[in-house]
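Chemist: Just dropping this structure here.
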4 protein chains.
Amino acid sequence: MSEAVETSYGTLSVIESGEFAGWRFWEGDPFETRSGPFFYRREDDGTCVSAFRAEPRHMNGGGFMHGGCLLTFADFALFAIATDALNGDHAVTLNLSGDFLGAVQSGALVEARGEVTRGGGKTIFVRGLVTGDGAPALSFTGIIRRLSRR
Amino acid sequence: MSEAVETSYGTLSVIESGEFAGWRFWEGDPFETRSGPFFYRREDDGTCVSAFRAEPRHMNGGGFMHGGCLLTFADFALFAIATDALNGDHAVTLNLSGDFLGAVQSGALVEARGEVTRGGGKTIFVRGLVTGDGAPALSFTGIIRRLSRR
Amino acid sequence: MSEAVETSYGTLSVIESGEFAGWRFWEGDPFETRSGPFFYRREDDGTCVSAFRAEPRHMNGGGFMHGGCLLTFADFALFAIATDALNGDHAVTLNLSGDFLGAVQSGALVEARGEVTRGGGKTIFVRGLVTGDGAPALSFTGIIRRLSRR
Amino acid sequence: MSEAVETSYGTLSVIESGEFAGWRFWEGDPFETRSGPFFYRREDDGTCVSAFRAEPRHMNGGGFMHGGCLLTFADFALFAIATDALNGDHAVTLNLSGDFLGAVQSGALVEARGEVTRGGGKTIFVRGLVTGDGAPALSFTGIIRRLSRR
């Protein structure tokens, strides 16, 4: 799992240095790279956790993480959580819904964990939770639609 | 309405040149400025329309606008749509839900229009539609919570 | 359009008397019949409006319409709103989301109107508004999935 | 906790016989009683589980549980899950969103479990899962708003 994987949606690469050394990220996704980049890795329990470090550029005018940043990260996390259900297939997001639970400040470690509530078919349902330094920030659900088998 | 308005959430300014000359935007919101900036103005019918021009930096790895970009713009549009209901009060987003209707490509004029389905109280409900060159891209609903009277 | 239409999901019938004489409803749907029945008809502008009359049996313990009743009616309305997009095909609901805007009291005329924000394909996106005596009660969005062509 | 508790929203009673003997339910909520009644009890781990037994009257025209029935049960479960956060306060539902994961057939034991993702304040966020004989049926999130302290 350590080599870069090229797909039509960009290249799934492994970052080699810094806080998230060894984590995976998508190269070639301009908005995501610019917003993040966001990273994910498989934990020992088999689940995929997503993470990034909050910086001033992620904040809104009030000094807290912008809702759009949390939702962009959640959209990334949807696909990380669904890694096994997707098994490499492409997919698009049909719905993403977020409840904003608490503020995230610059410097926080932002993580997303979740589960596939229904996979297996073409429509994959996910729910997850984004935290900032462990405190609940965003509860989200998403529906993604498998486009094609590889 | 042409002068800049300073608030604790940044400065509501008017852009002076370019495609959106005369439209309003928030200065001092790092994530929004970096994602957009996004603009809004009041139309002759009294409603507030939001807009920006899609660029390559808004796209995902597939060459279409990233869902997170659409949702960040929708979060901006929530507050533009609720301009009159808010009447200058601060507010936070409790929920933002989006249905992804269609792809937006680089170069498209992206607009959001909507309505307050219930205002007046502390909890304000909004629904709206984002379009790309007039074609439906994102149907969204949002709940925002007024924090304080000015 | 005046005759009953039998489908594997029940019979689409026309009620012959009472306040909603001439409106359509589904016979053979136990939960819906028991909750409603709910009715719909095509208006002169081509849209399909859904309606029923609020009775004490639709209320919660506080004397207002139960949220579950509003959502059950919204689920009915999803399919009425999507009548033309479905063109007789069967479909299932993937997602239904509701924002509760205001209370409905017994005796009120409850109506639902809405629009298909994206149809044509297998996944159909709808949004709508339920009102009680004309006042906003529930803003809803739904995603339905076409199961098969007739 | 075994006596009936009267509130302005009805009476929280304990059913004395049948499959759910010892579980709590709301008397005096016409729509809920008619749809269910639905029951909840506190488990040994401190969480509140909701349940009822699926009957033919809960089904739609296709022979599966009606989406409105699942959502009505989820609306009940929101308040059961939030029992401790509410601590007896009244509350109203602001938003209820459901993803339909799988069909439930007549005869199934229908249960709902979940968690408060953020409580403590006036706005309480909940997420949960409804199952039928243990299989996922509905993933839901809800936002409820505390009306008053007792």
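Simple scheme: letters A, B, ... for chains in structure tokens order, numbers from 1 for residues in each chain, numbers from 1 for ligands in the order shown.
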Taking only C-alpha atoms into account, produce a table as a Markdown table in which each residue of chain A with an atom at most 8 Å from an atom of chain D appears once, together with its shortest atom pair and the distance in Å to one decimal, ordered by chain and rising number.
Modeler:
| residue | atom | partner | partner_atom | distance |
| --- | --- | --- | --- | --- |
| A:Asp99 | CA | D:Phe125 | CA | 7.5 |
| A:Leu101 | CA | D:Arg118 | CA | 6.0 |
| A:Thr117 | CA | D:Pro136 | CA | 7.1 |
| A:Arg118 | CA | D:Leu101 | CA | 6.0 |
| A:Phe125 | CA | D:Leu101 | CA | 7.4 |
| A:Pro136 | CA | D:Thr117 | CA | 7.1 |
| A:Ser139 | CA | D:Thr117 | CA | 7.2 |
Chemist: Using C-alpha atoms, can you write the selected residues to a file as a short mmCIF file (atom, residue, chain, number, x, y, z; two decimals), in the first residue's frame?
Modeler:
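Output contents, as saved in out.cif:
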data_model
loop_
_atom_site.label_atom_id
_atom_site.label_comp_id
_atom_site.auth_asym_id
_atom_site.auth_seq_id
_atom_site.Cartn_x
_atom_site.Cartn_y
_atom_site.Cartn_z
CA ASP A 99 -24.70 19.35 11.94
CA LEU A 101 -21.55 20.81 16.98
CA THR A 117 -24.17 2.25 7.46
CA ARG A 118 -24.96 0.48 4.21
CA PHE A 125 -24.46 5.37 3.03
CA PRO A 136 -17.11 17.11 18.57
CA SER A 139 -21.74 15.25 12.73
#
Chemist: Can you pull out every residue within 8 Å of Glu27 (chain A), counting only C-alpha atoms, but drop anything in the same chain fewer than 2 positions away, and send it as a list in words?
Modeler: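 Close residues of Glu27 (chain A): Gly10, Thr11, Leu12, Ser13, Phe25, Asp29 and Thr33 of chain A; Gly61 of chain B.
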Chemist: Just how far from CA of Val116 (chain B) is CA of Ala77 (chain D), in Å to one decimal?
Modeler: 28.8 Å
Chemist: How many Å separate CA of Ala74 (chain B) from CA of Val130 (chain B)?
Modeler: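 The value is 7.3 Å.
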Chemist: Within 7 Å of Gln105 (chain B), counting only C-alpha atoms, which residues qualify if same-chain residues fewer than 6 places away don't, as a list in words?
Modeler: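 Once the adjacent positions are removed, what remains is Ala54, Phe64 and Met65 of chain B.
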Chemist: From the set B:Ser148, B:Arg34, B:Val104, B:Asn60, which residue has the shortest atom-to-atom contact distance to Phe76 (chain A), counting only C-alpha atoms?
Modeler: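 Checking each candidate against Phe76 (chain A), we get B:Asn60 as the closest.
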Chemist: Neighbours of Val110 (chain C) within 7 Å (only C-alpha atoms; same-chain residues fewer than 2 positions away dropped), as a PDB file with N, CA, C and O atoms, in the first residue's frame?
Modeler:
ATOM      1  N   ALA C  51     -52.554  17.150  -0.325  1.00  0.00           N
ATOM      2  CA  ALA C  51     -53.328  17.783   0.750  1.00  0.00           C
ATOM      3  C   ALA C  51     -54.032  16.770   1.632  1.00  0.00           C
ATOM      4  O   ALA C  51     -54.275  15.629   1.224  1.00  0.00           O
ATOM      5  N   PHE C  52     -54.314  17.179   2.845  1.00  0.00           N
ATOM      6  CA  PHE C  52     -55.268  16.488   3.727  1.00  0.00           C
ATOM      7  C   PHE C  52     -55.735  17.474   4.786  1.00  0.00           C
ATOM      8  O   PHE C  52     -55.214  18.585   4.889  1.00  0.00           O
ATOM      9  N   ARG C  53     -56.735  17.066   5.518  1.00  0.00           N
ATOM     10  CA  ARG C  53     -57.299  17.915   6.561  1.00  0.00           C
ATOM     11  C   ARG C  53     -56.804  17.402   7.909  1.00  0.00           C
ATOM     12  O   ARG C  53     -56.960  16.215   8.223  1.00  0.00           O
ATOM     13  N   ALA C  54     -56.194  18.286   8.705  1.00  0.00           N
ATOM     14  CA  ALA C  54     -55.666  17.896  10.023  1.00  0.00           C
ATOM     15  C   ALA C  54     -56.801  17.574  10.989  1.00  0.00           C
ATOM     16  O   ALA C  54     -57.762  18.334  11.095  1.00  0.00           O
ATOM     17  N   ALA C 108     -56.702  22.389  10.407  1.00  0.00           N
ATOM     18  CA  ALA C 108     -56.022  23.101   9.326  1.00  0.00           C
ATOM     19  C   ALA C 108     -56.034  22.302   8.024  1.00  0.00           C
ATOM     20  O   ALA C 108     -56.018  21.069   8.028  1.00  0.00           O
ATOM     21  N   VAL C 130     -44.410  22.041   3.143  1.00  0.00           N
ATOM     22  CA  VAL C 130     -45.731  21.712   3.682  1.00  0.00           C
ATOM     23  C   VAL C 130     -46.242  22.943   4.427  1.00  0.00           C
ATOM     24  O   VAL C 130     -45.488  23.571   5.186  1.00  0.00           O
ATOM     25  N   THR C 131     -47.490  23.282   4.184  1.00  0.00           N
ATOM     26  CA  THR C 131     -48.105  24.409   4.890  1.00  0.00           C
ATOM     27  C   THR C 131     -49.364  23.939   5.615  1.00  0.00           C
ATOM     28  O   THR C 131     -49.986  22.955   5.239  1.00  0.00           O
ATOM     29  N   GLY C 132     -49.712  24.668   6.673  1.00  0.00           N
ATOM     30  CA  GLY C 132     -50.968  24.444   7.395  1.00  0.00           C
ATOM     31  C   GLY C 132     -51.776  25.719   7.323  1.00  0.00           C
ATOM     32  O   GLY C 132     -51.318  26.758   7.821  1.00  0.00           O
ATOM     33  N   ASP C 133     -52.927  25.664   6.669  1.00  0.00           N
ATOM     34  CA  ASP C 133     -53.706  26.886   6.396  1.00  0.00           C
ATOM     35  C   ASP C 133     -52.808  27.971   5.798  1.00  0.00           C
ATOM     36  O   ASP C 133     -52.933  29.161   6.123  1.00  0.00           O
TER      37      ASP C 133
END
Chemist: Tell me which protein, DNA and RNA residues are within 7 Å of region 47-49 of chain D, counting only C-alpha atoms, leaving out same-chain ones fewer than 5 positions away, and put them as a VMD selection string.
Modeler: chain D and resid 40 to 42 80 to 81 111 to 113
Chemist: Write out as a list in words which residues come within 7 Å of Ser35 (chain D) when counting only C-alpha atoms, dropping same-chain ones fewer than 3 positions away.
Modeler: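 Neighbouring residues, sequence-local ones excluded: Phe31, Glu32 and Cys69 of chain D.
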Chemist: Please measure the separation of CA of His66 (chain C) and CA of Leu78 (chain C), giving the value in Å to one decimal.
Modeler: 18.6 Å
Chemist: May I have all residues of chain C that DSSP, computed from the backbone, assigns to alpha helix (DSSP H), given as a list in words?
Modeler: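 Result set for chain C (alpha helix (DSSP H)): Pro30, Phe31, Glu32, Thr33, Arg34, Ser35, Gly67, Gly68, Cys69, Leu70, Leu71, Thr72, Phe73, Ala74, Asp75, Phe76, Ala77, Leu78, Phe79, Ala80, Ile81, Thr83, Asp84, Ala85 and Leu86 of chain C.
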